[in-house]
Amino acid sequence: MSANTASTPAGNQSGSGFRIPRVPFWAQIVAGLALGVLLGWLARSQDIGWLKDTLDQVGSIFVQLLKLAVAPLVFFAILVSITNLRKVDNAARLATRTLLWFMITSLIAVVLGLVIGLLTDPGAGTGLTPKDGQKPENAGSWIDFLTGIVPTDVITPFTELEVLQIVFMAAVAGIAALKLGDRAKPILALSESVLELLQKALWWVIRLAPVGTVGLIGFAIADYGWDLLGKYATFTADVYIGCALVLFGVYPLLLATVAKVNPVQFFKGAWPAIQLAFVSRSSVGTMPVTQKVTERLGVPKDYTSFAVPFGATTKMDGCAAIYPALAAIFIAQIFDVQLGIQDYLLIAFVSVVGSAATAGLTGATVMLTLTLSTLGLPLEGVGLLMAIDPILDMMRTATNVAGQALVPVIVAAREEILDRDAYNTATSSPIDDLDTDGDAVESGQKAAVPVPA
């Protein structure tokens, strides 16, 4: 390296002056959380309407920017991920094992959610009544779920953000491209370029996460206040405890016993994706980061490029397993409906089979309505939980994303394609040290920009 490109430690004086020390992304997120809570409390306690509206707008714009990239990102990510399987040995076996472990971990999560709900009675003593509920505008049923997979045209799924239909079209296009072979190479090259472009654009949105955090958390506090949390204290605690047990109990146990790797190393490598998921509340929005950290954990890139996009749209241990199990028990208690063993089996079945209905977007309303309609519970119960949903969704999504990184590690380890040296040396380098070019650069060791002589 020439003298022109020699790196200069942050904060030291050089020929180009002083460099401002970089603030780690996790510190930016924490600062955003703290500032959001403070501004939200101020807006509510002092009844500052303009501040509440500003927080709402900031949070809404951040979520909207994430959603803006969802439709094309999902389409091209699924298409490219399916075609990338041609580069992987035993592709069908890997895909089957991946789906199997998605189902196994979802089953474990839903059983844990049911046990916690039965032990704690989250709907008891809340003071809520059926009159407090409100039927959601969009409800899910098995008929809607099955018929809704196939779109009526190719435009509406993108304009209406019907992610499940987008996944269907992308899967069909990907399989067709595999069948065409060399004749599909121009389309595949274009798709890969578009996917990289979308990931780069989404990366800029991700950098705004600390600002979005201020708005999302601030508005939640300003709008709902702490009094509302009191009514849902047991239910909120159940969701957070259930997700934490899966995240820090079940997952490490599977890593240690099934994959036979160090669980601490997993969290060191995957932490950037988990923390972003907590803030953004979007598995799809976090997908580029999830893919990068999974590669950093030693999972082959060709397999990761299939497993992570697939998981981001179908693997939801928080939103589609723990949450609907607890919510069903909560709503049944509010509406004084007795659930039997067959109902609990149905909850487990819906969670394992129907998790694709959540589609990786913020919130889990469709999955909840699917569960309630299967059990015959009043859909008005969904309205009871909408107010508290943003608070719950942070922990649910963090659990989702951790599971989306976990399963590729387990499958790769079981299939002996995991780079264990890379896994054992994975670091928790800040998220802003990752980039969409496929490289993870350690903090403080980035190549310096050449300084003109």
# chains A, B, ... in the order shown; residues from 1 in each chain; ligands from 1
$ residues_around --residues "Thr105 in chain A" --least-positions-apart "5" --cutoff "12 Å" --atoms "only C-alpha atoms" --output "PyMOL selection string"
chain A and resi 98-100+110-112+246-247+250-251+253-255+315-318+320-322+348+351-352+355+399-400+402-404+406-407+410
$ residues_around --residues "range 31-34 of chain A" --least-positions-apart "4" --cutoff "7 Å" --atoms "only C-alpha atoms" --output "ChimeraX atom specification"
/A:27,38,210-211,213-214,217
$ write_last_selection --atoms "C-alpha atoms" --output "compact mmCIF listing (two decimals), in the first residue's frame"
# COMPACT_ATOMS: atom_id res chain seq x y z
CA ALA A 27 -24.73 2.77 20.56
CA LEU A 38 -37.77 10.74 26.65
CA PRO A 210 -31.48 5.07 14.92
CA VAL A 211 -33.63 7.97 13.69
CA THR A 213 -36.16 4.24 16.49
CA VAL A 214 -36.71 7.68 18.00
CA ILE A 217 -40.58 4.28 20.31
$ atom_distance --atom1 "CA of Ala325 in chain A" --atom2 "CA of Leu114 in chain A"
5.5 Å
$ residues_around --residues "Glu160 in chain A" --least-positions-apart "5" --cutoff "12 Å" --atoms "only C-alpha atoms" --output "list of chain:residue names"
A:Lys67, A:Leu68, A:Val70, A:Ala71, A:Pro151, A:Asp153, A:Val154, A:Ile155, A:Gln165, A:Ile166
$ write_last_selection --atoms "N, CA, C and O atoms" --output "PDB file, in the first residue's frame"
ATOM      1  N   LYS A  67     -40.753  -0.795   3.729  1.00  0.00           N
ATOM      2  CA  LYS A  67     -41.774  -1.487   2.947  1.00  0.00           C
ATOM      3  C   LYS A  67     -41.615  -1.221   1.458  1.00  0.00           C
ATOM      4  O   LYS A  67     -41.994  -2.054   0.626  1.00  0.00           O
ATOM      5  N   LEU A  68     -41.078  -0.047   1.125  1.00  0.00           N
ATOM      6  CA  LEU A  68     -40.912   0.316  -0.280  1.00  0.00           C
ATOM      7  C   LEU A  68     -40.060  -0.697  -1.030  1.00  0.00           C
ATOM      8  O   LEU A  68     -40.294  -0.972  -2.212  1.00  0.00           O
ATOM      9  N   VAL A  70     -39.695  -3.889  -0.074  1.00  0.00           N
ATOM     10  CA  VAL A  70     -40.068  -5.266   0.240  1.00  0.00           C
ATOM     11  C   VAL A  70     -40.454  -6.052  -1.000  1.00  0.00           C
ATOM     12  O   VAL A  70     -39.928  -7.148  -1.248  1.00  0.00           O
ATOM     13  N   ALA A  71     -41.395  -5.540  -1.803  1.00  0.00           N
ATOM     14  CA  ALA A  71     -41.925  -6.318  -2.927  1.00  0.00           C
ATOM     15  C   ALA A  71     -40.836  -6.724  -3.927  1.00  0.00           C
ATOM     16  O   ALA A  71     -40.658  -7.922  -4.189  1.00  0.00           O
ATOM     17  N   PRO A 151     -51.787 -15.398  -7.453  1.00  0.00           N
ATOM     18  CA  PRO A 151     -52.318 -14.068  -7.771  1.00  0.00           C
ATOM     19  C   PRO A 151     -53.230 -14.106  -8.989  1.00  0.00           C
ATOM     20  O   PRO A 151     -53.142 -15.000  -9.834  1.00  0.00           O
ATOM     21  N   ASP A 153     -53.272 -11.490 -11.077  1.00  0.00           N
ATOM     22  CA  ASP A 153     -52.466 -10.841 -12.110  1.00  0.00           C
ATOM     23  C   ASP A 153     -51.070 -10.608 -11.531  1.00  0.00           C
ATOM     24  O   ASP A 153     -50.827 -10.867 -10.349  1.00  0.00           O
ATOM     25  N   VAL A 154     -50.151 -10.119 -12.356  1.00  0.00           N
ATOM     26  CA  VAL A 154     -48.757  -9.971 -11.909  1.00  0.00           C
ATOM     27  C   VAL A 154     -48.468  -8.606 -11.323  1.00  0.00           C
ATOM     28  O   VAL A 154     -47.373  -8.376 -10.794  1.00  0.00           O
ATOM     29  N   ILE A 155     -49.425  -7.678 -11.389  1.00  0.00           N
ATOM     30  CA  ILE A 155     -49.192  -6.318 -10.910  1.00  0.00           C
ATOM     31  C   ILE A 155     -49.686  -6.122  -9.477  1.00  0.00           C
ATOM     32  O   ILE A 155     -48.983  -5.568  -8.629  1.00  0.00           O
ATOM     33  N   GLN A 165     -47.994 -13.995  -2.420  1.00  0.00           N
ATOM     34  CA  GLN A 165     -48.158 -14.135  -3.866  1.00  0.00           C
ATOM     35  C   GLN A 165     -46.863 -13.805  -4.603  1.00  0.00           C
ATOM     36  O   GLN A 165     -46.540 -14.423  -5.618  1.00  0.00           O
ATOM     37  N   ILE A 166     -46.125 -12.824  -4.083  1.00  0.00           N
ATOM     38  CA  ILE A 166     -44.832 -12.481  -4.685  1.00  0.00           C
ATOM     39  C   ILE A 166     -43.866 -13.654  -4.558  1.00  0.00           C
ATOM     40  O   ILE A 166     -43.131 -13.984  -5.498  1.00  0.00           O
TER      41      ILE A 166
END
$ select_by_dssp --residues "range 31-181 of chain A" --states "alpha helix (DSSP H)" --output "PyMOL selection string"
chain A and resi 31-45+49-84+91-120+142-147+156-159+163-180
$ closest_residue --among "A:Gly49, A:Gly59, A:Pro272, A:Pro378" --to "Leu216 in chain A" --atoms "only C-alpha atoms"
A:Gly59
$ closest_residue --among "A:Asp53, A:Glu196, A:Asp302, A:Asp47" --to "Leu85 in chain A" --atoms "only C-alpha atoms"
A:Asp302
$ atom_distance --atom1 "CA of Leu178 in chain A" --atom2 "CA of Leu164 in chain A"
21.2 Å
$ atom_distance --atom1 "CA of Ile149 in chain A" --atom2 "CA of Ile61 in chain A"
28.7 Å
$ residues_around --residues "Thr290 in chain A" --least-positions-apart "5" --cutoff "8 Å" --atoms "only C-alpha atoms" --output "NGL selection string"
:A and (270 or 273 or 308 or 401 or 404-405)
$ closest_residue --among "A:Leu65, A:Ala327, A:Met103, A:Met394" --to "Ile274 in chain A" --atoms "only C-alpha atoms"
A:Met394
$ closest_residue --among "A:Phe235, A:Phe219, A:Phe267, A:Trp50" --to "Phe330 in chain A" --atoms "only C-alpha atoms"
A:Phe235
$ closest_residue --among "A:Val279, A:Val115, A:Leu79, A:Ala256" --to "Leu66 in chain A" --atoms "only C-alpha atoms"
A:Val279
$ decode --residues "range 22-67 of chain A" --atoms "N, CA and C atoms" --output "PDB file, in the first residue's frame"
ATOM      1  N   ARG A  22     -16.036   7.252  14.955  1.00  0.00           N
ATOM      2  CA  ARG A  22     -17.300   6.650  14.560  1.00  0.00           C
ATOM      3  C   ARG A  22     -18.022   6.089  15.771  1.00  0.00           C
ATOM      4  N   VAL A  23     -19.326   6.336  15.830  1.00  0.00           N
ATOM      5  CA  VAL A  23     -20.139   5.810  16.924  1.00  0.00           C
ATOM      6  C   VAL A  23     -20.682   4.455  16.498  1.00  0.00           C
ATOM      7  N   PRO A  24     -20.434   3.395  17.262  1.00  0.00           N
ATOM      8  CA  PRO A  24     -20.936   2.065  16.894  1.00  0.00           C
ATOM      9  C   PRO A  24     -22.446   2.078  16.693  1.00  0.00           C
ATOM     10  N   PHE A  25     -22.911   1.232  15.796  1.00  0.00           N
ATOM     11  CA  PHE A  25     -24.333   1.232  15.462  1.00  0.00           C
ATOM     12  C   PHE A  25     -25.187   0.879  16.678  1.00  0.00           C
ATOM     13  N   TRP A  26     -24.718  -0.062  17.492  1.00  0.00           N
ATOM     14  CA  TRP A  26     -25.503  -0.438  18.667  1.00  0.00           C
ATOM     15  C   TRP A  26     -25.679   0.746  19.609  1.00  0.00           C
ATOM     16  N   ALA A  27     -24.635   1.583  19.708  1.00  0.00           N
ATOM     17  CA  ALA A  27     -24.734   2.772  20.562  1.00  0.00           C
ATOM     18  C   ALA A  27     -25.723   3.778  19.978  1.00  0.00           C
ATOM     19  N   GLN A  28     -25.756   3.874  18.647  1.00  0.00           N
ATOM     20  CA  GLN A  28     -26.731   4.754  18.007  1.00  0.00           C
ATOM     21  C   GLN A  28     -28.154   4.270  18.286  1.00  0.00           C
ATOM     22  N   ILE A  29     -28.348   2.952  18.245  1.00  0.00           N
ATOM     23  CA  ILE A  29     -29.673   2.390  18.511  1.00  0.00           C
ATOM     24  C   ILE A  29     -30.093   2.655  19.954  1.00  0.00           C
ATOM     25  N   VAL A  30     -29.181   2.418  20.884  1.00  0.00           N
ATOM     26  CA  VAL A  30     -29.480   2.656  22.302  1.00  0.00           C
ATOM     27  C   VAL A  30     -29.818   4.124  22.536  1.00  0.00           C
ATOM     28  N   ALA A  31     -29.040   5.006  21.910  1.00  0.00           N
ATOM     29  CA  ALA A  31     -29.316   6.441  22.042  1.00  0.00           C
ATOM     30  C   ALA A  31     -30.685   6.781  21.463  1.00  0.00           C
ATOM     31  N   GLY A  32     -31.034   6.153  20.334  1.00  0.00           N
ATOM     32  CA  GLY A  32     -32.342   6.380  19.737  1.00  0.00           C
ATOM     33  C   GLY A  32     -33.468   5.900  20.636  1.00  0.00           C
ATOM     34  N   LEU A  33     -33.277   4.741  21.265  1.00  0.00           N
ATOM     35  CA  LEU A  33     -34.278   4.229  22.204  1.00  0.00           C
ATOM     36  C   LEU A  33     -34.477   5.184  23.369  1.00  0.00           C
ATOM     37  N   ALA A  34     -33.374   5.629  23.960  1.00  0.00           N
ATOM     38  CA  ALA A  34     -33.448   6.522  25.113  1.00  0.00           C
ATOM     39  C   ALA A  34     -34.100   7.853  24.739  1.00  0.00           C
ATOM     40  N   LEU A  35     -33.682   8.417  23.605  1.00  0.00           N
ATOM     41  CA  LEU A  35     -34.256   9.691  23.170  1.00  0.00           C
ATOM     42  C   LEU A  35     -35.729   9.536  22.829  1.00  0.00           C
ATOM     43  N   GLY A  36     -36.098   8.406  22.204  1.00  0.00           N
ATOM     44  CA  GLY A  36     -37.495   8.172  21.878  1.00  0.00           C
ATOM     45  C   GLY A  36     -38.367   8.090  23.116  1.00  0.00           C
ATOM     46  N   VAL A  37     -37.901   7.360  24.130  1.00  0.00           N
ATOM     47  CA  VAL A  37     -38.653   7.262  25.388  1.00  0.00           C
ATOM     48  C   VAL A  37     -38.807   8.643  26.027  1.00  0.00           C
ATOM     49  N   LEU A  38     -37.726   9.410  26.037  1.00  0.00           N
ATOM     50  CA  LEU A  38     -37.768  10.743  26.649  1.00  0.00           C
ATOM     51  C   LEU A  38     -38.743  11.662  25.919  1.00  0.00           C
ATOM     52  N   LEU A  39     -38.634  11.707  24.583  1.00  0.00           N
ATOM     53  CA  LEU A  39     -39.516  12.582  23.812  1.00  0.00           C
ATOM     54  C   LEU A  39     -40.968  12.114  23.877  1.00  0.00           C
ATOM     55  N   GLY A  40     -41.170  10.809  23.884  1.00  0.00           N
ATOM     56  CA  GLY A  40     -42.523  10.286  23.995  1.00  0.00           C
ATOM     57  C   GLY A  40     -43.153  10.639  25.326  1.00  0.00           C
ATOM     58  N   TRP A  41     -42.377  10.474  26.394  1.00  0.00           N
ATOM     59  CA  TRP A  41     -42.886  10.840  27.719  1.00  0.00           C
ATOM     60  C   TRP A  41     -43.178  12.333  27.792  1.00  0.00           C
ATOM     61  N   LEU A  42     -42.308  13.144  27.214  1.00  0.00           N
ATOM     62  CA  LEU A  42     -42.494  14.596  27.218  1.00  0.00           C
ATOM     63  C   LEU A  42     -43.754  14.976  26.437  1.00  0.00           C
ATOM     64  N   ALA A  43     -43.938  14.365  25.268  1.00  0.00           N
ATOM     65  CA  ALA A  43     -45.110  14.678  24.452  1.00  0.00           C
ATOM     66  C   ALA A  43     -46.408  14.307  25.155  1.00  0.00           C
ATOM     67  N   ARG A  44     -46.388  13.190  25.887  1.00  0.00           N
ATOM     68  CA  ARG A  44     -47.615  12.751  26.566  1.00  0.00           C
ATOM     69  C   ARG A  44     -47.870  13.533  27.852  1.00  0.00           C
ATOM     70  N   SER A  45     -46.827  13.705  28.651  1.00  0.00           N
ATOM     71  CA  SER A  45     -47.011  14.365  29.946  1.00  0.00           C
ATOM     72  C   SER A  45     -47.340  15.847  29.796  1.00  0.00           C
ATOM     73  N   GLN A  46     -46.757  16.490  28.776  1.00  0.00           N
ATOM     74  CA  GLN A  46     -46.990  17.921  28.562  1.00  0.00           C
ATOM     75  C   GLN A  46     -48.037  18.184  27.476  1.00  0.00           C
ATOM     76  N   ASP A  47     -48.601  17.106  26.931  1.00  0.00           N
ATOM     77  CA  ASP A  47     -49.628  17.221  25.894  1.00  0.00           C
ATOM     78  C   ASP A  47     -49.149  18.088  24.724  1.00  0.00           C
ATOM     79  N   ILE A  48     -47.984  17.731  24.197  1.00  0.00           N
ATOM     80  CA  ILE A  48     -47.396  18.472  23.077  1.00  0.00           C
ATOM     81  C   ILE A  48     -47.799  17.762  21.793  1.00  0.00           C
ATOM     82  N   GLY A  49     -48.847  18.259  21.168  1.00  0.00           N
ATOM     83  CA  GLY A  49     -49.389  17.592  19.996  1.00  0.00           C
ATOM     84  C   GLY A  49     -48.440  17.538  18.822  1.00  0.00           C
ATOM     85  N   TRP A  50     -47.741  18.661  18.557  1.00  0.00           N
ATOM     86  CA  TRP A  50     -46.856  18.685  17.395  1.00  0.00           C
ATOM     87  C   TRP A  50     -45.702  17.707  17.537  1.00  0.00           C
ATOM     88  N   LEU A  51     -45.230  17.504  18.778  1.00  0.00           N
ATOM     89  CA  LEU A  51     -44.133  16.574  19.004  1.00  0.00           C
ATOM     90  C   LEU A  51     -44.602  15.144  18.771  1.00  0.00           C
ATOM     91  N   LYS A  52     -45.802  14.826  19.239  1.00  0.00           N
ATOM     92  CA  LYS A  52     -46.354  13.497  19.020  1.00  0.00           C
ATOM     93  C   LYS A  52     -46.521  13.229  17.523  1.00  0.00           C
ATOM     94  N   ASP A  53     -47.056  14.220  16.790  1.00  0.00           N
ATOM     95  CA  ASP A  53     -47.238  14.061  15.347  1.00  0.00           C
ATOM     96  C   ASP A  53     -45.903  13.897  14.630  1.00  0.00           C
ATOM     97  N   THR A  54     -44.900  14.648  15.082  1.00  0.00           N
ATOM     98  CA  THR A  54     -43.578  14.553  14.462  1.00  0.00           C
ATOM     99  C   THR A  54     -42.976  13.163  14.666  1.00  0.00           C
ATOM    100  N   LEU A  55     -43.097  12.655  15.885  1.00  0.00           N
ATOM    101  CA  LEU A  55     -42.591  11.315  16.170  1.00  0.00           C
ATOM    102  C   LEU A  55     -43.304  10.270  15.311  1.00  0.00           C
ATOM    103  N   ASP A  56     -44.613  10.444  15.165  1.00  0.00           N
ATOM    104  CA  ASP A  56     -45.393   9.530  14.336  1.00  0.00           C
ATOM    105  C   ASP A  56     -44.914   9.563  12.890  1.00  0.00           C
ATOM    106  N   GLN A  57     -44.684  10.757  12.369  1.00  0.00           N
ATOM    107  CA  GLN A  57     -44.251  10.893  10.986  1.00  0.00           C
ATOM    108  C   GLN A  57     -42.861  10.304  10.766  1.00  0.00           C
ATOM    109  N   VAL A  58     -41.951  10.546  11.705  1.00  0.00           N
ATOM    110  CA  VAL A  58     -40.585  10.023  11.579  1.00  0.00           C
ATOM    111  C   VAL A  58     -40.609   8.498  11.569  1.00  0.00           C
ATOM    112  N   GLY A  59     -41.326   7.901  12.507  1.00  0.00           N
ATOM    113  CA  GLY A  59     -41.415   6.442  12.557  1.00  0.00           C
ATOM    114  C   GLY A  59     -42.112   5.863  11.339  1.00  0.00           C
ATOM    115  N   SER A  60     -43.186   6.521  10.891  1.00  0.00           N
ATOM    116  CA  SER A  60     -43.935   6.031   9.738  1.00  0.00           C
ATOM    117  C   SER A  60     -43.104   6.087   8.462  1.00  0.00           C
ATOM    118  N   ILE A  61     -42.344   7.158   8.299  1.00  0.00           N
ATOM    119  CA  ILE A  61     -41.505   7.286   7.098  1.00  0.00           C
ATOM    120  C   ILE A  61     -40.444   6.184   7.076  1.00  0.00           C
ATOM    121  N   PHE A  62     -39.852   5.890   8.231  1.00  0.00           N
ATOM    122  CA  PHE A  62     -38.841   4.839   8.292  1.00  0.00           C
ATOM    123  C   PHE A  62     -39.434   3.486   7.908  1.00  0.00           C
ATOM    124  N   VAL A  63     -40.600   3.154   8.476  1.00  0.00           N
ATOM    125  CA  VAL A  63     -41.247   1.884   8.151  1.00  0.00           C
ATOM    126  C   VAL A  63     -41.650   1.855   6.679  1.00  0.00           C
ATOM    127  N   GLN A  64     -42.132   2.999   6.166  1.00  0.00           N
ATOM    128  CA  GLN A  64     -42.544   3.056   4.776  1.00  0.00           C
ATOM    129  C   GLN A  64     -41.366   2.849   3.830  1.00  0.00           C
ATOM    130  N   LEU A  65     -40.223   3.390   4.200  1.00  0.00           N
ATOM    131  CA  LEU A  65     -39.025   3.187   3.382  1.00  0.00           C
ATOM    132  C   LEU A  65     -38.628   1.714   3.345  1.00  0.00           C
ATOM    133  N   LEU A  66     -38.768   1.038   4.483  1.00  0.00           N
ATOM    134  CA  LEU A  66     -38.495  -0.392   4.508  1.00  0.00           C
ATOM    135  C   LEU A  66     -39.476  -1.152   3.613  1.00  0.00           C
ATOM    136  N   LYS A  67     -40.753  -0.795   3.729  1.00  0.00           N
ATOM    137  CA  LYS A  67     -41.774  -1.487   2.947  1.00  0.00           C
ATOM    138  C   LYS A  67     -41.615  -1.221   1.458  1.00  0.00           C
TER     139      LYS A  67
END
